[in-house]
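Engineer: Sharing a structure, written as structure tokens. Questions coming.
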Amino acid sequence: MKIETQCLHAGYTPKNGEPRALPIYQSTTYKYDKTADIGALFDLTAEGHMYSRISNPTVDAVEKKIAAMEGGVGALCTTSGQAANLLAVLNICSAGDSLISVSTIYGGTINLFAVTLKRLGIECIFVSEEDSEEKIQAAIKPNTRLIFGETLANPAMCVFDIEKFAKIAHRNNIPLVVDNTFATPVLCRPFEFGADIVTHSTTKYMDGHALQVGGVIVDSGNFDWTNGKFPELTEPDESYHGVRYVHDFGKAAYITKARVQLMRDFGMYPGALNAFLLNVGLETLAVRMERYCRNAETVARHLLKSDMIESVSYPALEGDSYHDLAMKYLPKGCSGVMALTIKGGRDTAMKFMDSLKLASNEVHVADIRTCVLHPASETHRQLNDEQLAAAGIHPGLVRLSVGLENVDDIIEDLDQALAAARG
């Protein structure tokens with residue numbers, strides 16, 4: 001199936017007389033006729049659901065749909081995008097290990113990697129997207145377990161050179177993890193360019209309606225975990241009957257371990273209703289992404305004409321520094337998100353935002369409705385000036401998420417707000 005069809009049909013196929021829409025299995029537990037049946041579930045020798053902290057039929061259908069859309073062997077839904085990134089790392093990193101990440105990722109993820117993981121004894125070494133392969137290679141240590149990046153950086157809108165970083169990662173026998181939130185599999189499928197693990201904040205475009213907070217990890221099944229660097233996937237897991245994930249689950253080793261070990265212990269699993277709402281969003285994802293991209297391209301070109309705008313960071317623009325990479329990885333479009341730098345700095349940017357009437361000033365992005373955010377004083381306020389600069393965030397930078405309204409109405413609102421900010 002093409003991705004437009006997968007959005008509607010993958011993951012759930014009703015049998016004769018069953019509901020056409022994905023049902024909400026609102027239950028914490030599941031009844032079995034025999035004790036041995038439940039024992040087989042715990043031994044991982046039978047398929048089924050034992051407890052909704054680990055799996056649920058509604059969530060399972062959504063996981064299968066997202067895995068199909070990304071082209072992976074399996075997926076694990078979580079309660080947030082942050083939870084997805086945390087489990088993706090902890091699944092193969094322990095105290096004493098390190099990881100490499102580009103510095104232009106989402107501010108919350110920077111804090112997770114630089115502060116919280118550091119407290120757990122895991123070091124994150126940040127590199128620039130534009131560093132040479134030699135410089136990135138020099139940052140890799142014997143204890144480095146993965147490389148991390150975002151397809152489209154939030155909010156700087158840099159395009160991650162997936163093939164470049166995959167080449168470096170695989171040369172060092174470590175996987176490449178890519179957060180594909182803004183692109184979604186409709187615009188880019190990182191596995192096709194060498195990525196090994198993909199994560200999403202499903203709160204954003206996948207949901208699209210600001211109804212549920214969630215995340216997901218998708219396993220490509222392509223990485224060779226038997227290269228000697230990942231004994232936790234090849235040696236017996238004494239916390240789970242001595243299971244050997246690669247031996248027992250083959251290409252699905254990574255995602256199985258994430259579920260039966262980490263999800264079992266951390267319990268970051270979403271409820272059935274959240275998964276149902278996410279699925280409703282997924283069904284229209286392909287249609288929405290096309291409209292987001294076309295609206296955003298029109299808005300970006302219009303804003304370039306304003307003398308109040310210092311710059312517009314949107315890779316679909318011909319003059320953008322990431323345009324060539326966008327054409328390689330995102331030929332269908334670059335989502336509805338862009339970064340504007342408004343002349344006059346922080347105060348002028350805030351006045352512009354406060355003057356908007358149609359667009360909402362909110363801590364959200366990738367919604368059906370147009371919304372704005374000022375990263376330096378809102379989502380990224382925990383970063384110091386040096387970290388803000390490394391993340392590509394100027395004090396006058398505004399993240400604009402173009403919605404599905406008529407594009408003329410969006411432009412009219414932006415123009416009147418810019419006029420008001422002029423004073």
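Labels for the structure tokens follow display order: chains A, B, ..., residues from 1 in each chain, ligands from 1.
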Can you tell me which residues surround A:Asp413 at a distance of at most 7 Å, considering only C-alpha atoms, apart from same-chain residues fewer than 2 positions away, and format the answer as a PDB file with C-alpha atoms, in the first residue's frame?

Structural biologist:
ATOM      1  CA  LEU A 356      -2.091  38.339  16.220  1.00  0.00           C
ATOM      2  CA  LYS A 357      -5.837  37.721  16.057  1.00  0.00           C
ATOM      3  CA  LEU A 358      -6.256  34.510  14.044  1.00  0.00           C
ATOM      4  CA  ASP A 409      -6.638  34.826   6.003  1.00  0.00           C
ATOM      5  CA  ILE A 410      -3.348  33.661   7.531  1.00  0.00           C
ATOM      6  CA  ILE A 411      -1.381  36.258   5.557  1.00  0.00           C
ATOM      7  CA  ASP A 415       0.487  41.487   8.036  1.00  0.00           C
ATOM      8  CA  GLN A 416      -1.666  43.360  10.530  1.00  0.00           C
ATOM      9  CA  ALA A 417       0.422  42.031  13.434  1.00  0.00           C
TER      10      ALA A 417
END

Engineer: What's around A:Val260 at 12 Å? Count only C-alpha atoms, leave out sequence neighbours fewer than 2 positions away in its own chain, and write the answer as a ChimeraX atom specification.

Structural biologist: /A:41-44,49-51,53-55,76,87,91,237,239-241,243,245,253-258,262-267,269

Engineer: Record the distance separating atom CA of A:Asn111 and atom CA of A:Ile140, expressed in Å with one decimal.

Structural biologist: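 Distance between the two atoms: 20.4 Å.
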
Engineer: Using DSSP assignments from the backbone, pull out every residue in stretch 15-107 of chain A that falls under alpha helix (DSSP H) and give it to me as a ChimeraX atom specification.

Structural biologist: /A:35-42,57-70,81-90,107

Engineer: Show which residues sit within 9 Å of A:Val216, as JSON, numbers by chain. Count only C-alpha atoms, and ignore same-chain residues fewer than 5 positions away.

Structural biologist: {"A": [63, 66, 75, 76, 77, 78, 79, 80, 81, 83, 84, 85, 198, 199, 200, 201, 202]}

Engineer: Each residue of stretch 33-122 of chain A lying at most 9 Å from stretch 155-164 of chain A should get a row with its shortest atom-to-atom pair and the distance in Å to one decimal, counting only C-alpha atoms; could you produce that, ordered by chain and increasing number, as a Markdown table?

Structural biologist:
| residue | atom | partner | partner_atom | distance |
| --- | --- | --- | --- | --- |
| A:Val102 | CA | A:Phe160 | CA | 8.8 |
| A:Thr104 | CA | A:Ala156 | CA | 6.8 |
| A:Ile105 | CA | A:Pro155 | CA | 7.9 |
| A:Tyr106 | CA | A:Pro155 | CA | 6.8 |
| A:Gly107 | CA | A:Pro155 | CA | 8.7 |

Engineer: May I have the residues from that selection written out with N, CA and C atoms, as a PDB file, in the first residue's frame?

Structural biologist:
ATOM      1  N   VAL A 102      23.269  16.152  17.421  1.00  0.00           N
ATOM      2  CA  VAL A 102      23.439  17.479  16.845  1.00  0.00           C
ATOM      3  C   VAL A 102      22.810  18.485  17.812  1.00  0.00           C
ATOM      4  N   THR A 104      21.114  21.262  17.210  1.00  0.00           N
ATOM      5  CA  THR A 104      19.961  22.032  16.753  1.00  0.00           C
ATOM      6  C   THR A 104      18.633  21.325  17.020  1.00  0.00           C
ATOM      7  N   ILE A 105      18.620  20.374  17.941  1.00  0.00           N
ATOM      8  CA  ILE A 105      17.387  19.651  18.240  1.00  0.00           C
ATOM      9  C   ILE A 105      16.504  20.458  19.192  1.00  0.00           C
ATOM     10  N   TYR A 106      15.306  19.974  19.417  1.00  0.00           N
ATOM     11  CA  TYR A 106      14.329  20.601  20.311  1.00  0.00           C
ATOM     12  C   TYR A 106      14.924  20.851  21.692  1.00  0.00           C
ATOM     13  N   GLY A 107      14.610  22.022  22.271  1.00  0.00           N
ATOM     14  CA  GLY A 107      15.190  22.415  23.544  1.00  0.00           C
ATOM     15  C   GLY A 107      14.910  21.448  24.671  1.00  0.00           C
TER      16      GLY A 107
END

Engineer: Considering only C-alpha atoms, give me a table of residues in stretch 191-304 of chain A that are at most 9 Å from stretch 330-340 of chain A, with the closest atom pair and distance in Å for each, as CSV.

Structural biologist:
residue,atom,partner,partner_atom,distance
A:Tyr205,CA,A:Ser335,CA,8.9
A:Met289,CA,A:Ser335,CA,6.5
A:Glu290,CA,A:Gly333,CA,7.6
A:Arg291,CA,A:Gly336,CA,8.4
A:Tyr292,CA,A:Gly336,CA,4.7
A:Cys293,CA,A:Ser335,CA,4.9
A:Arg294,CA,A:Gly333,CA,7.8
A:Asn295,CA,A:Gly336,CA,7.2
A:Ala296,CA,A:Gly336,CA,5.0
A:Glu297,CA,A:Gly336,CA,8.0
A:Ala300,CA,A:Met338,CA,7.7
A:Leu303,CA,A:Leu340,CA,8.6

Engineer: Can you write out the residues you just picked, keeping C-alpha atoms, as a PDB file, in the first residue's frame?

Structural biologist:
ATOM      1  CA  TYR A 205       1.321  16.387  13.020  1.00  0.00           C
ATOM      2  CA  MET A 289       0.604  17.368   5.209  1.00  0.00           C
ATOM      3  CA  GLU A 290       0.125  18.367   1.581  1.00  0.00           C
ATOM      4  CA  ARG A 291      -2.009  21.371   2.593  1.00  0.00           C
ATOM      5  CA  TYR A 292       0.372  22.390   5.395  1.00  0.00           C
ATOM      6  CA  CYS A 293       3.274  22.460   2.964  1.00  0.00           C
ATOM      7  CA  ARG A 294       1.485  24.457   0.271  1.00  0.00           C
ATOM      8  CA  ASN A 295       0.144  27.021   2.775  1.00  0.00           C
ATOM      9  CA  ALA A 296       3.551  27.392   4.402  1.00  0.00           C
ATOM     10  CA  GLU A 297       5.351  27.880   1.096  1.00  0.00           C
ATOM     11  CA  ALA A 300       7.091  32.069   3.611  1.00  0.00           C
ATOM     12  CA  LEU A 303       6.962  37.203   4.513  1.00  0.00           C
TER      13      LEU A 303
END

Engineer: Mind checking which residues fall within 10 Å of A:Leu176, counting only C-alpha atoms, ignoring those fewer than 4 positions away in the same chain, and posting them as an NGL selection string?

Structural biologist: :A and (100-101 or 145-149 or 162-163 or 165-170 or 190-191 or 194-198 or 223)

Engineer: The selected residues should be written to file as a PDB file, in the first residue's frame (atoms: C-alpha atoms).

Structural biologist:
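Listed below is the output, result-v2.pdb:
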ATOM      1  CA  ILE A 100      26.368  11.994  19.996  1.00  0.00           C
ATOM      2  CA  SER A 101      23.624  14.508  19.176  1.00  0.00           C
ATOM      3  CA  ARG A 145      26.354   3.977  21.662  1.00  0.00           C
ATOM      4  CA  LEU A 146      24.332   6.040  19.153  1.00  0.00           C
ATOM      5  CA  ILE A 147      24.007   9.235  17.104  1.00  0.00           C
ATOM      6  CA  PHE A 148      20.840  11.357  17.319  1.00  0.00           C
ATOM      7  CA  GLY A 149      19.317  14.055  15.108  1.00  0.00           C
ATOM      8  CA  ILE A 162      20.678  11.548   7.340  1.00  0.00           C
ATOM      9  CA  GLU A 163      23.001   9.751   4.932  1.00  0.00           C
ATOM     10  CA  PHE A 165      25.383  10.764   9.847  1.00  0.00           C
ATOM     11  CA  ALA A 166      24.277   7.206   9.029  1.00  0.00           C
ATOM     12  CA  LYS A 167      27.591   6.642   7.268  1.00  0.00           C
ATOM     13  CA  ILE A 168      29.523   7.850  10.323  1.00  0.00           C
ATOM     14  CA  ALA A 169      27.364   5.856  12.735  1.00  0.00           C
ATOM     15  CA  HIS A 170      27.667   2.610  10.805  1.00  0.00           C
ATOM     16  CA  PRO A 190      14.534   8.122   7.370  1.00  0.00           C
ATOM     17  CA  PHE A 191      15.028   4.345   7.111  1.00  0.00           C
ATOM     18  CA  GLY A 194      20.167   4.703   6.465  1.00  0.00           C
ATOM     19  CA  ALA A 195      18.584   5.601   9.826  1.00  0.00           C
ATOM     20  CA  ASP A 196      18.069   2.662  12.196  1.00  0.00           C
ATOM     21  CA  ILE A 197      15.572   3.924  14.777  1.00  0.00           C
ATOM     22  CA  VAL A 198      12.914   6.629  14.323  1.00  0.00           C
ATOM     23  CA  PHE A 223      20.851  -2.693  12.408  1.00  0.00           C
TER      24      PHE A 223
END

Engineer: Which is closest to A:Ile125 among A:Leu8, A:Ala95, A:Thr226, A:Thr144, if we use only C-alpha atoms?

Structural biologist: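 Closest residue, counting only C-alpha atoms: A:Thr144.
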
Engineer: Record the distance separating atom CA of A:Lys141 and atom CA of A:Phe126, expressed in Å with one decimal.

Structural biologist: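 Computed distance, atom CA of A:Lys141 to atom CA of A:Phe126, equals 12.7 Å.
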
Engineer: Need the shell around A:Met353: protein/DNA/RNA residues with any atom at most 8 Å away, counting only C-alpha atoms. Skip same-chain ones fewer than 2 positions apart. Format as a ChimeraX atom specification?

Structural biologist: /A:349-351,355-356,361,372-373,417

Engineer: Between atom CA of A:Glu318 and atom CA of A:Lys305, what distance in Å does the model show, to one decimal?

Structural biologist: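 Computing it gives 14.5 Å between the two atoms.
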
Engineer: Using only C-alpha atoms, which protein or nucleic acid residues come within 8 Å of A:Asn227? Drop anything in the same chain fewer than 3 positions from it, and give the result as a list in words.

Structural biologist: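 Residues near the query, excluding close chain neighbours: Asn173, Asp224 and Phe230 of chain A.
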
Engineer: Write a file of the just-selected residues containing N, CA and C atoms, as a PDB file, in the first residue's frame.

Structural biologist:
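Output file result.pdb follows:
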ATOM      1  N   ASN A 173      29.917   1.158  14.004  1.00  0.00           N
ATOM      2  CA  ASN A 173      29.075   0.064  14.501  1.00  0.00           C
ATOM      3  C   ASN A 173      28.067   0.509  15.550  1.00  0.00           C
ATOM      4  N   ASP A 224      22.631  -4.287  12.774  1.00  0.00           N
ATOM      5  CA  ASP A 224      23.248  -5.530  13.227  1.00  0.00           C
ATOM      6  C   ASP A 224      23.690  -5.371  14.688  1.00  0.00           C
ATOM      7  N   PHE A 230      26.746  -4.490  21.754  1.00  0.00           N
ATOM      8  CA  PHE A 230      25.444  -4.416  22.419  1.00  0.00           C
ATOM      9  C   PHE A 230      25.084  -5.745  23.087  1.00  0.00           C
TER      10      PHE A 230
END

Engineer: For the contact check between stretch 37-93 of chain A and stretch 13-27 of chain A, emit one row per residue of stretch 37-93 of chain A within 10 Å, containing the shortest atom pair and the distance in Å rounded to one decimal, counting only C-alpha atoms, chain then rising number order, as JSON lines.

Structural biologist:
{"residue": "A:Tyr51", "atom": "CA", "partner": "A:Ser27", "partner_atom": "CA", "distance": 8.7}
{"residue": "A:Ser52", "atom": "CA", "partner": "A:Ser27", "partner_atom": "CA", "distance": 7.3}
{"residue": "A:Asn56", "atom": "CA", "partner": "A:Tyr25", "partner_atom": "CA", "distance": 7.3}
{"residue": "A:Pro57", "atom": "CA", "partner": "A:Tyr25", "partner_atom": "CA", "distance": 6.3}
{"residue": "A:Thr58", "atom": "CA", "partner": "A:Tyr25", "partner_atom": "CA", "distance": 5.8}
{"residue": "A:Val59", "atom": "CA", "partner": "A:Tyr25", "partner_atom": "CA", "distance": 8.8}
{"residue": "A:Ala61", "atom": "CA", "partner": "A:Leu22", "partner_atom": "CA", "distance": 8.0}
{"residue": "A:Val62", "atom": "CA", "partner": "A:Leu22", "partner_atom": "CA", "distance": 9.1}

Engineer: Pick the closest to A:Arg259 from A:Glu405, A:Leu187, A:Ile217, A:Cys7: which is it, counting only C-alpha atoms?

Structural biologist: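 Nearest candidate to A:Arg259 out of A:Glu405, A:Leu187, A:Ile217, A:Cys7: A:Ile217.
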